[in-house]
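Asks: Input structure-v1.txt, format and content: compact mmCIF, C-alpha atoms and all ligand atoms.
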```
# COMPACT_ATOMS: atom_id res chain seq x y z
CA MET Y 14 -22.43 55.89 51.85
CA GLY Y 15 -19.11 54.07 52.25
CA LYS Y 16 -15.74 55.41 51.25
CA ILE Y 17 -13.58 53.49 48.78
CA VAL Y 18 -9.86 53.88 49.43
CA ALA Y 19 -7.14 52.41 47.18
CA LEU Y 20 -3.79 51.70 48.85
CA ALA Y 21 -1.29 52.26 46.09
CA ASN Y 22 2.38 52.80 45.43
CA GLN Y 23 4.07 51.21 42.42
CA LYS Y 24 7.21 50.77 44.49
CA GLY Y 25 7.35 47.25 45.94
CA GLY Y 26 7.60 46.39 49.63
CA VAL Y 27 6.64 49.79 51.06
CA GLY Y 28 3.92 48.46 53.38
CA LYS Y 29 0.76 48.61 51.22
CA THR Y 30 -0.49 45.19 52.27
CA THR Y 31 0.56 45.51 55.92
CA THR Y 32 -1.30 48.83 56.04
CA CYS Y 33 -4.38 47.47 54.26
CA VAL Y 34 -4.77 44.46 56.54
CA ASN Y 35 -4.02 46.31 59.78
CA LEU Y 36 -6.12 49.32 58.88
CA ALA Y 37 -9.06 47.02 58.05
CA ALA Y 38 -8.78 45.34 61.47
CA ALA Y 39 -8.20 48.63 63.31
CA LEU Y 40 -11.21 50.27 61.59
CA ALA Y 41 -13.31 47.21 62.49
CA ALA Y 42 -12.20 47.68 66.12
CA GLU Y 43 -13.48 51.27 65.81
CA ARG Y 44 -16.89 49.75 64.96
CA GLN Y 45 -16.61 50.53 61.24
CA THR Y 46 -17.83 47.99 58.68
CA VAL Y 47 -14.98 47.16 56.32
CA LEU Y 48 -14.51 45.27 53.06
CA LEU Y 49 -10.92 44.54 52.00
CA ILE Y 50 -10.32 43.78 48.33
CA ASP Y 51 -7.07 42.00 47.52
CA LEU Y 52 -6.21 43.23 44.02
CA ASP Y 53 -2.71 41.74 43.94
CA PRO Y 54 -1.96 38.34 42.33
CA GLN Y 55 0.63 37.83 45.12
CA GLY Y 56 -2.37 37.31 47.46
CA ASN Y 57 -0.46 38.67 50.46
CA ALA Y 58 -3.47 40.47 51.93
CA THR Y 59 -5.52 37.28 51.55
CA VAL Y 60 -2.91 35.33 53.56
CA GLY Y 61 -2.57 38.16 56.09
CA CYS Y 62 -6.31 37.92 56.79
CA GLY Y 63 -6.06 34.17 57.41
CA VAL Y 64 -7.62 33.01 54.13
CA ASN Y 65 -5.85 30.15 52.32
CA PRO Y 66 -5.17 31.32 48.75
CA TYR Y 67 -4.74 27.71 47.54
CA GLN Y 68 -8.26 26.68 48.55
CA LEU Y 69 -10.41 29.26 46.83
CA GLU Y 70 -13.32 28.32 44.62
CA ALA Y 71 -13.51 31.84 43.26
CA THR Y 72 -11.45 35.02 43.59
CA VAL Y 73 -11.49 38.70 42.65
CA ASN Y 74 -10.29 37.49 39.22
CA ASP Y 75 -13.73 35.95 38.57
CA VAL Y 76 -15.35 39.22 39.64
CA LEU Y 77 -13.28 41.32 37.23
CA LEU Y 78 -13.97 38.91 34.37
CA GLU Y 79 -17.71 39.00 35.28
CA ARG Y 80 -17.96 35.28 35.99
CA LYS Y 81 -19.00 35.91 39.64
CA LEU Y 82 -20.53 38.63 41.77
CA ILE Y 83 -18.66 40.06 44.74
CA THR Y 84 -21.29 38.47 47.00
CA ASP Y 85 -20.26 35.03 45.63
CA VAL Y 86 -16.59 35.44 46.60
CA VAL Y 87 -16.64 37.56 49.78
CA GLN Y 88 -15.58 35.93 53.06
CA SER Y 89 -15.91 37.16 56.64
CA VAL Y 90 -12.75 36.80 58.73
CA SER Y 91 -12.32 36.49 62.49
CA SER Y 92 -10.72 39.95 62.74
CA GLY Y 93 -14.15 41.48 62.13
CA PHE Y 94 -14.19 42.48 58.46
CA ASP Y 95 -14.94 41.01 55.02
CA VAL Y 96 -12.40 40.05 52.35
CA VAL Y 97 -12.56 39.51 48.60
CA PRO Y 98 -9.57 37.19 48.22
CA SER Y 99 -7.02 36.84 45.47
CA ASN Y 100 -4.36 34.44 44.30
CA SER Y 101 -2.10 33.97 41.28
CA GLU Y 102 -5.17 33.45 39.05
CA LEU Y 103 -5.52 37.23 39.05
CA THR Y 104 -2.72 37.44 36.47
CA GLU Y 105 -5.44 36.27 34.03
CA SER Y 106 -7.27 39.60 34.54
CA GLU Y 107 -4.07 41.62 34.48
CA VAL Y 108 -3.55 40.56 30.88
CA GLY Y 109 -7.07 39.53 29.84
CA LEU Y 110 -8.74 42.82 30.75
CA LEU Y 111 -6.67 44.65 28.16
CA SER Y 112 -8.80 43.31 25.30
CA LEU Y 113 -12.21 43.71 27.01
CA PRO Y 114 -14.66 46.62 26.70
CA LEU Y 115 -14.77 49.06 29.63
CA ARG Y 116 -11.61 47.41 30.92
CA GLU Y 117 -10.82 50.21 33.42
CA HIS Y 118 -14.32 50.19 34.92
CA ARG Y 119 -14.72 46.53 35.89
CA LEU Y 120 -14.08 46.98 39.62
CA LEU Y 121 -16.17 50.16 39.81
CA LYS Y 122 -19.10 48.27 38.30
CA ALA Y 123 -18.62 45.29 40.62
CA LEU Y 124 -18.52 47.56 43.69
CA SER Y 125 -21.59 49.61 42.84
CA GLN Y 126 -23.83 47.36 44.96
CA GLN Y 127 -21.36 47.17 47.87
CA ARG Y 128 -20.86 50.84 48.65
CA GLY Y 129 -23.99 51.06 50.78
CA ARG Y 130 -23.06 48.01 52.83
CA TYR Y 131 -19.72 49.17 54.26
CA ASP Y 132 -18.24 52.26 55.92
CA TYR Y 133 -14.90 51.58 54.24
CA ILE Y 134 -13.82 49.56 51.23
CA LEU Y 135 -10.00 49.21 51.15
CA ILE Y 136 -8.27 48.01 47.98
CA ASP Y 137 -4.76 46.53 48.23
CA CYS Y 138 -3.03 47.31 44.91
CA PRO Y 139 -0.10 45.46 43.31
CA PRO Y 140 3.31 47.16 43.03
CA ALA Y 141 2.71 48.42 39.47
CA LEU Y 142 0.74 51.09 37.65
CA ASN Y 143 -1.00 48.40 35.59
CA MET Y 144 -4.60 47.67 34.59
CA LEU Y 145 -5.38 46.30 38.08
CA THR Y 146 -4.19 49.49 39.78
CA VAL Y 147 -6.05 51.59 37.18
CA ASN Y 148 -9.24 49.63 38.01
CA ALA Y 149 -8.67 50.43 41.70
CA LEU Y 150 -8.12 54.13 40.99
CA VAL Y 151 -11.23 54.34 38.79
CA ALA Y 152 -13.34 52.67 41.50
CA ALA Y 153 -11.91 54.61 44.47
CA ASP Y 154 -12.85 57.91 46.05
CA SER Y 155 -9.32 58.41 47.27
CA VAL Y 156 -5.85 56.94 47.34
CA LEU Y 157 -3.81 56.29 50.47
CA ILE Y 158 -0.10 56.17 49.67
CA PRO Y 159 2.14 54.21 52.05
CA MET Y 160 5.77 55.16 51.61
CA GLN Y 161 9.13 54.57 53.21
CA CYS Y 162 11.16 57.67 53.96
CA GLU Y 163 14.09 56.68 51.74
CA TYR Y 164 16.22 58.44 49.18
CA TYR Y 165 14.28 57.46 46.03
CA ALA Y 166 10.85 57.53 47.63
CA LEU Y 167 9.87 60.97 46.35
CA GLU Y 168 10.77 60.14 42.73
CA GLY Y 169 8.35 57.20 42.70
CA LEU Y 170 5.68 59.41 44.17
CA THR Y 171 5.74 61.75 41.16
CA ALA Y 172 4.69 58.98 38.73
CA LEU Y 173 1.87 57.86 41.01
CA LEU Y 174 0.60 61.40 41.58
CA SER Y 175 0.58 62.11 37.85
CA THR Y 176 -1.45 58.92 37.26
CA VAL Y 177 -3.89 59.97 39.99
CA GLU Y 178 -4.20 63.41 38.39
CA LYS Y 179 -4.79 61.94 34.91
CA ILE Y 180 -7.52 59.63 36.19
CA SER Y 181 -9.11 62.40 38.24
CA LYS Y 182 -9.37 64.52 35.08
CA THR Y 183 -10.86 61.75 32.95
CA ALA Y 184 -12.35 58.50 34.25
CA ASN Y 185 -12.95 59.44 37.91
CA ARG Y 186 -13.50 63.02 38.98
CA ARG Y 187 -13.99 61.99 42.63
CA LEU Y 188 -10.44 60.69 42.96
CA HIS Y 189 -8.11 62.57 45.32
CA VAL Y 190 -5.18 61.81 47.59
CA GLU Y 191 -6.55 60.60 50.93
CA GLY Y 192 -3.20 60.83 52.62
CA ILE Y 193 0.46 59.87 52.63
CA LEU Y 194 1.54 57.42 55.30
CA ARG Y 195 5.14 57.14 56.50
CA THR Y 196 5.78 53.41 56.98
CA MET Y 197 8.64 51.46 58.59
CA PHE Y 198 9.65 54.82 59.98
CA ASP Y 199 12.84 55.01 61.99
CA ALA Y 200 13.06 58.42 63.65
CA ARG Y 201 16.65 57.69 64.73
CA THR Y 202 18.03 58.00 61.19
CA SER Y 203 18.68 61.45 59.77
CA LEU Y 204 17.69 60.34 56.23
CA ALA Y 205 14.22 59.29 57.40
CA ASN Y 206 13.82 62.64 59.15
CA GLN Y 207 15.02 64.59 56.12
CA VAL Y 208 12.64 62.81 53.72
CA SER Y 209 9.83 63.16 56.25
CA GLU Y 210 10.45 66.93 56.45
CA GLN Y 211 10.39 67.20 52.64
CA LEU Y 212 7.11 65.30 52.56
CA LEU Y 213 5.55 67.59 55.17
CA GLU Y 214 6.80 70.65 53.30
CA HIS Y 215 5.31 69.50 49.95
CA PHE Y 216 2.17 67.72 51.04
CA LYS Y 217 1.41 69.46 54.36
CA ASP Y 218 -1.72 68.10 56.04
CA LYS Y 219 -1.99 65.34 53.42
CA VAL Y 220 0.72 63.54 55.43
CA TYR Y 221 -0.86 61.59 58.28
CA ILE Y 222 0.14 62.72 61.77
CA THR Y 223 0.55 59.03 62.58
CA SER Y 224 3.64 57.31 61.21
CA ILE Y 225 4.17 53.55 61.40
CA PRO Y 226 7.39 52.43 63.11
CA ARG Y 227 9.41 49.43 62.00
CA ASN Y 228 8.13 46.67 64.27
CA VAL Y 229 8.87 42.96 64.01
CA ARG Y 230 5.43 41.97 65.39
CA LEU Y 231 3.80 43.42 62.25
CA ALA Y 232 6.10 41.30 60.08
CA GLU Y 233 5.45 38.13 62.13
CA ALA Y 234 1.66 38.43 62.17
CA PRO Y 235 0.92 37.23 58.56
CA SER Y 236 2.49 33.83 59.29
CA HIS Y 237 -0.23 33.42 61.95
CA GLY Y 238 -2.92 34.50 59.46
CA LEU Y 239 -3.73 37.56 61.58
CA PRO Y 240 -3.39 41.32 61.25
CA GLY Y 241 -0.71 42.66 63.64
CA VAL Y 242 -3.35 44.64 65.55
CA VAL Y 243 -5.09 41.36 66.41
CA TYR Y 244 -1.96 39.20 66.82
CA ASP Y 245 -0.42 41.61 69.37
CA LYS Y 246 -2.49 44.70 69.97
CA THR Y 247 0.04 46.19 72.40
CA ALA Y 248 2.97 46.19 69.93
CA THR Y 249 4.18 49.65 68.88
CA GLY Y 250 3.27 48.95 65.24
CA SER Y 251 -0.26 47.89 66.21
CA LEU Y 252 -0.79 50.97 68.36
CA ALA Y 253 0.28 53.09 65.39
CA TYR Y 254 -2.29 51.43 63.08
CA ILE Y 255 -5.00 51.92 65.71
CA SER Y 256 -4.06 55.59 65.89
CA LEU Y 257 -4.15 55.79 62.05
CA ALA Y 258 -7.66 54.30 62.01
CA LYS Y 259 -8.80 56.93 64.53
CA GLU Y 260 -7.24 59.64 62.34
CA LEU Y 261 -9.15 58.37 59.29
CA VAL Y 262 -12.46 58.13 61.13
CA GLU Y 263 -12.03 61.63 62.58
CA LYS Y 264 -11.26 63.04 59.12
CA ARG Y 265 -14.27 61.24 57.63
CA THR Y 266 -16.57 62.58 60.35
CA GLN Y 267 -15.38 66.10 59.54
CA GLU Y 268 -15.89 65.53 55.78
CA LEU Y 269 -19.44 64.29 56.32
CA ALA Y 270 -20.25 67.20 58.65
CA LYS Y 271 -18.93 69.66 56.04
CA ARG Y 272 -21.01 67.99 53.32
CA GLU Y 273 -24.14 68.16 55.49
CA ALA Y 274 -23.54 71.84 56.21
CA ILE Y 275 -23.31 72.55 52.46
CA VAL Y 276 -26.54 70.62 51.72
CA SER Y 277 -28.58 72.28 54.50
P1 LIG U 1 4.35 44.57 47.54
O1 LIG U 1 4.71 45.79 46.77
O2 LIG U 1 5.20 43.38 47.24
O3 LIG U 1 2.88 44.27 47.48
P2 LIG U 1 3.83 45.92 50.01
O4 LIG U 1 4.03 47.36 49.60
O5 LIG U 1 2.46 45.44 50.09
O6 LIG U 1 4.69 44.95 49.09
P3 LIG U 1 4.27 44.74 52.57
O7 LIG U 1 4.11 43.37 52.02
O8 LIG U 1 3.19 45.29 53.42
O9 LIG U 1 4.59 45.76 51.40
O10 LIG U 1 5.63 44.86 53.40
C1 LIG U 1 6.86 44.43 52.85
C2 LIG U 1 7.62 43.66 53.93
O11 LIG U 1 7.90 44.53 55.02
C3 LIG U 1 6.83 42.51 54.52
O12 LIG U 1 7.70 41.48 54.82
C4 LIG U 1 6.23 43.09 55.80
O13 LIG U 1 6.00 42.11 56.79
C5 LIG U 1 7.31 44.05 56.22
N1 LIG U 1 6.77 45.22 56.93
C6 LIG U 1 5.80 46.06 56.51
N2 LIG U 1 5.59 47.05 57.39
C7 LIG U 1 6.44 46.81 58.43
C8 LIG U 1 6.72 47.48 59.66
N3 LIG U 1 6.08 48.59 60.01
N4 LIG U 1 7.68 46.95 60.47
C9 LIG U 1 8.36 45.82 60.11
N5 LIG U 1 8.14 45.15 58.98
C10 LIG U 1 7.20 45.65 58.13
MG MG U 2 1.47 44.03 48.86
```
Please rewrite the model in this file as structure tokens.
Replies:
Amino acid sequence: MGKIVALANQKGGVGKTTTCVNLAAALAAERQTVLLIDLDPQGNATVGCGVNPYQLEATVNDVLLERKLITDVVQSVSSGFDVVPSNSELTESEVGLLSLPLREHRLLKALSQQRGRYDYILIDCPPALNMLTVNALVAADSVLIPMQCEYYALEGLTALLSTVEKISKTANRRLHVEGILRTMFDARTSLANQVSEQLLEHFKDKVYITSIPRNVRLAEAPSHGLPGVVYDKTATGSLAYISLAKELVEKRTQELAKREAIVS
């Protein structure tokens, strides 16, 4: 059974989309089957995967509003994974879902048939704790939190963690924090090191061993419609995402082994 991971942080520009796209490609390179769901009306993940957001017959918006099935909108991309694309039409769901029944459960319902088909389903969330992000958190098994080691980073984290806790006590008991990822990390600055130390102190092994360095190749890659790990797999940023994918797969293998031991 596949694992559904939401990449969320209501703070903008922290590396959610860069992580989602590169992790999808790096997991695919580790022979994992991956579905990426772009749940942001900005459509950045869609572009980063090489899909043109202006030429879409249907998007994740149609899935949430139950006009289409996921199988009608999914596309395979050359980097070796599948994508459910998005564009600005998704703002229709952001507002429209509010007046619909079971509004928080739309994505969960849509994904019920997909779980068995993929090892990982990654959801790229928008920079807000809105109905789209709530749909992602209700559908997900876990949340991966990309964050920059900056002064206000920890304050934003509190709001996200309290939302995760609320949802895990009500709509989705499976939900837990998958891990916290230090992005655009510059080990030369003392502030980054201080915040990183605080993170490790508070969240211990929930912080990934891998951190992602600031690397211009990762920022260039979307304009070529490719994940950084495909555009230049030797770049420091790409190597970091490959190492993150290995960390996730290793952790998942341990989880599954533990579960099997409990069952037998
Ligand atoms: P939003 O909240 O708007 O959805 P986001 O959290 O998804 O943003 P990204 O779009 O992934 O963040 O990254 C923000 C900007 O930083 C982008 O221009 C991206 O190319 C750049 N960026 C992300 N990670 C790195 C990195 N490790 N090194 C250099 N640039 C990066
Ligand atoms: Mg984004």
Asks: Mind pulling up the distance from CA of Leu173 in chain Y to CA of Asn228 in chain Y?
Replies: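 A separation of 26.6 Å between them.
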Asks: Please identify every residue of chain Y that has at least one atom no farther than 9 Å from an atom of ligand LIG 1 (chain U), counting only C-alpha atoms and all ligand atoms, and for each give the shortest atom pair and the distance in Å to one decimal, arranged by chain then increasing number, as a tab-separated table.
Replies:
```
residue	atom	partner	partner_atom	distance
Y:Leu20	CA	U:LIG1	O5	8.9
Y:Ala21	CA	U:LIG1	O4	8.0
Y:Asn22	CA	U:LIG1	O4	7.1
Y:Gln23	CA	U:LIG1	O1	7.0
Y:Lys24	CA	U:LIG1	O1	6.0
Y:Gly25	CA	U:LIG1	O1	3.1
Y:Gly26	CA	U:LIG1	O6	3.3
Y:Val27	CA	U:LIG1	O4	3.9
Y:Gly28	CA	U:LIG1	O8	3.3
Y:Lys29	CA	U:LIG1	O5	3.8
Y:Thr30	CA	U:LIG1	O5	3.7
Y:Thr31	CA	U:LIG1	O8	3.6
Y:Thr32	CA	U:LIG1	O8	6.3
Y:Cys33	CA	U:LIG1	O8	7.9
Y:Val34	CA	U:LIG1	O8	8.6
Y:Asp53	CA	U:LIG1	O3	7.1
Y:Gln55	CA	U:LIG1	O3	7.2
Y:Gly56	CA	U:LIG1	O3	8.7
Y:Asn57	CA	U:LIG1	O7	6.7
Y:Ala58	CA	U:LIG1	O5	8.0
Y:Asp137	CA	U:LIG1	O5	7.5
Y:Cys138	CA	U:LIG1	O3	7.1
Y:Pro139	CA	U:LIG1	O3	5.3
Y:Pro140	CA	U:LIG1	O1	4.2
Y:Ala141	CA	U:LIG1	O1	8.0
Y:Pro159	CA	U:LIG1	O4	7.5
Y:Met160	CA	U:LIG1	O4	8.2
Y:Thr196	CA	U:LIG1	N3	5.7
Y:Met197	CA	U:LIG1	N3	4.1
Y:Phe198	CA	U:LIG1	N3	7.2
Y:Ile225	CA	U:LIG1	N3	5.5
Y:Pro226	CA	U:LIG1	N3	5.1
Y:Arg227	CA	U:LIG1	N4	3.4
Y:Asn228	CA	U:LIG1	N4	3.8
Y:Val229	CA	U:LIG1	C9	4.9
Y:Arg230	CA	U:LIG1	C9	7.2
Y:Leu231	CA	U:LIG1	N4	5.5
Y:Ala232	CA	U:LIG1	O13	3.4
Y:Glu233	CA	U:LIG1	O13	6.7
Y:Ala234	CA	U:LIG1	O13	7.8
Y:Pro235	CA	U:LIG1	O13	7.3
Y:Gly250	CA	U:LIG1	N3	5.9
Y:Ser251	CA	U:LIG1	N3	8.9
```
Asks: Output C-alpha atoms of each residue in that selection to a file, as a tab-separated table (two decimals), in the coordinates of the input.
Replies:
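What landed in result_33.tsv:
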```tsv
chain	number	residue	atom	x	y	z
Y	20	LEU	CA	-3.79	51.70	48.85
Y	21	ALA	CA	-1.29	52.26	46.09
Y	22	ASN	CA	2.38	52.80	45.43
Y	23	GLN	CA	4.07	51.21	42.42
Y	24	LYS	CA	7.21	50.77	44.49
Y	25	GLY	CA	7.35	47.25	45.94
Y	26	GLY	CA	7.60	46.39	49.63
Y	27	VAL	CA	6.64	49.79	51.06
Y	28	GLY	CA	3.92	48.46	53.38
Y	29	LYS	CA	0.76	48.61	51.22
Y	30	THR	CA	-0.49	45.19	52.27
Y	31	THR	CA	0.56	45.51	55.92
Y	32	THR	CA	-1.30	48.83	56.04
Y	33	CYS	CA	-4.38	47.47	54.26
Y	34	VAL	CA	-4.77	44.46	56.54
Y	53	ASP	CA	-2.71	41.74	43.94
Y	55	GLN	CA	0.63	37.83	45.12
Y	56	GLY	CA	-2.37	37.31	47.46
Y	57	ASN	CA	-0.46	38.67	50.46
Y	58	ALA	CA	-3.47	40.47	51.93
Y	137	ASP	CA	-4.76	46.53	48.23
Y	138	CYS	CA	-3.03	47.31	44.91
Y	139	PRO	CA	-0.10	45.46	43.31
Y	140	PRO	CA	3.31	47.16	43.03
Y	141	ALA	CA	2.71	48.42	39.47
Y	159	PRO	CA	2.14	54.21	52.05
Y	160	MET	CA	5.77	55.16	51.61
Y	196	THR	CA	5.78	53.41	56.98
Y	197	MET	CA	8.64	51.46	58.59
Y	198	PHE	CA	9.65	54.82	59.98
Y	225	ILE	CA	4.17	53.55	61.40
Y	226	PRO	CA	7.39	52.43	63.11
Y	227	ARG	CA	9.41	49.43	62.00
Y	228	ASN	CA	8.13	46.67	64.27
Y	229	VAL	CA	8.87	42.96	64.01
Y	230	ARG	CA	5.43	41.97	65.39
Y	231	LEU	CA	3.80	43.42	62.25
Y	232	ALA	CA	6.10	41.30	60.08
Y	233	GLU	CA	5.45	38.13	62.13
Y	234	ALA	CA	1.66	38.43	62.17
Y	235	PRO	CA	0.92	37.23	58.56
Y	250	GLY	CA	3.27	48.95	65.24
Y	251	SER	CA	-0.26	47.89	66.21
```
Asks: So the first atom is CA of Asp154 in chain Y and the second is CA of His189 in chain Y; what is the distance between them in Å, to one decimal place?
Replies: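 These atoms are spaced 6.7 Å apart.
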Asks: Which residue out of Y:Ile136, Y:Val262, Y:Leu257, Y:Leu188 has the minimum interatomic distance to ligand MG 2 (chain U) when only C-alpha atoms and all ligand atoms are used?
Replies: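 Looking at the shortest contact to ligand MG 2 (chain U), the residue is Y:Ile136.
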Asks: Using all atoms listed in the file, which of the listed residues (Y:Asp132, Y:Asp85, Y:Glu43, Y:Asp51) sits closest to Gly15 in chain Y?
Replies: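 Checking each of Y:Asp132, Y:Asp85, Y:Glu43, Y:Asp51 against Gly15 in chain Y, counting all atoms listed in the file, the winner is Y:Asp132.
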Asks: Near Glu117 in chain Y, counting only C-alpha atoms, which residues have an atom at most 8 Å away, once you skip same-chain residues fewer than 4 positions from it, shown as a ChimeraX atom specification?
Replies: /Y:144,147-148,151
Asks: Which one of Y:Ile134, Y:Ile180, Y:Val18, Y:Leu213 sits closest to Ile158 in chain Y if you count only C-alpha atoms?
Replies: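 Among Y:Ile134, Y:Ile180, Y:Val18, Y:Leu213, it is Y:Val18 that comes nearest to Ile158 in chain Y.
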Asks: Near Val208 in chain Y, within 9 Å and counting only C-alpha atoms, which residues show up once chain neighbours fewer than 3 positions away are dropped, as a list in words?
Replies: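 The residues satisfying every condition are Gln161, Cys162, Glu163, Tyr164, Ala166, Leu167, Ser203, Leu204, Ala205, Gln211, Leu212 and Leu213 of chain Y.
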Asks: Calculate how many Å separate CA of Ala274 in chain Y from CA of Glu260 in chain Y, rounding to one decimal.
Replies: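 Spanning CA of Ala274 in chain Y to CA of Glu260 in chain Y is a straight-line distance of 21.3 Å.
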Asks: For Ser101 in chain Y, please output as a list in words all residues within 10 Å (counting all atoms listed in the file; exclusion window: fewer than 3 positions along the same chain).
Replies: Asp53, Pro54, Gln55, Gly56, Pro66, Tyr67, Thr72, Asn74, Thr104 and Glu105 of chain Y
Asks: Select from range 107-199 of chain Y every residue with an atom at most 12 Å from any atom of range 263-268 of chain Y, then for each give the shortest pair of atoms and their distance in Å to one decimal, using only C-alpha atoms, rows by chain and rising number, as a tab-separated table.
Replies:
```
residue	atom	partner	partner_atom	distance
Y:Asp132	CA	Y:Arg265	CA	10.0
Y:Tyr133	CA	Y:Arg265	CA	10.3
Y:Ser155	CA	Y:Arg265	CA	11.8
Y:Glu191	CA	Y:Lys264	CA	9.8
Y:Gly192	CA	Y:Lys264	CA	10.6
```
Asks: Restricting the calculation to all atoms listed in the file: of Y:Thr46, Y:Gly93, Y:Gly169, Y:Leu52, which residue gets closest to ligand MG 2 (chain U)?
Replies: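 Looking only at the distances to ligand MG 2 (chain U), the closest residue turns out to be Y:Leu52.
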Asks: Hey, which of Y:Ala71, Y:Thr84, Y:Lys122, Y:Leu113 ends up closest to Asn100 in chain Y? Count all atoms listed in the file.
Replies: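 Closest candidate: Y:Ala71.
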Asks: Using only C-alpha atoms, which protein or nucleic acid residues come within 8 Å of Val87 in chain Y? Drop anything in the same chain fewer than 4 positions from it, and give the result as a compact mmCIF listing (two decimals) with C-alpha atoms, keeping the file's coordinate frame.
Replies:
```
# COMPACT_ATOMS: atom_id res chain seq x y z
CA ILE Y 83 -18.66 40.06 44.74
CA ASP Y 95 -14.94 41.01 55.02
CA VAL Y 96 -12.40 40.05 52.35
CA VAL Y 97 -12.56 39.51 48.60
CA PRO Y 98 -9.57 37.19 48.22
```
Asks: Take every atom of range 252-271 of chain Y listed in the file, fit an axis-aligned box around them, add 3 Å per side, and give the centre and edge lengths in Å to one decimal as JSON.
Replies:
```
{"center_x": -10.0, "center_y": 60.3, "center_z": 62.1, "size_x": 26.5, "size_y": 24.7, "size_z": 18.6}
```
Asks: Choose the residue, out of Y:Leu48, Y:Ala38, Y:Leu77, Y:Gly61, that has the smallest atom-to-atom separation from ligand MG 2 (chain U); count all atoms listed in the file.
Replies: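 So, comparing all the options, the nearest one is Y:Gly61.
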Asks: Do you know which residues are at most 7 Å from Ala258 in chain Y counting all atoms listed in the file, after dropping those on the same chain fewer than 4 positions away, and could you put them as an MDAnalysis selection string?
Replies: chainID Y and resid 36 39:40 254 262
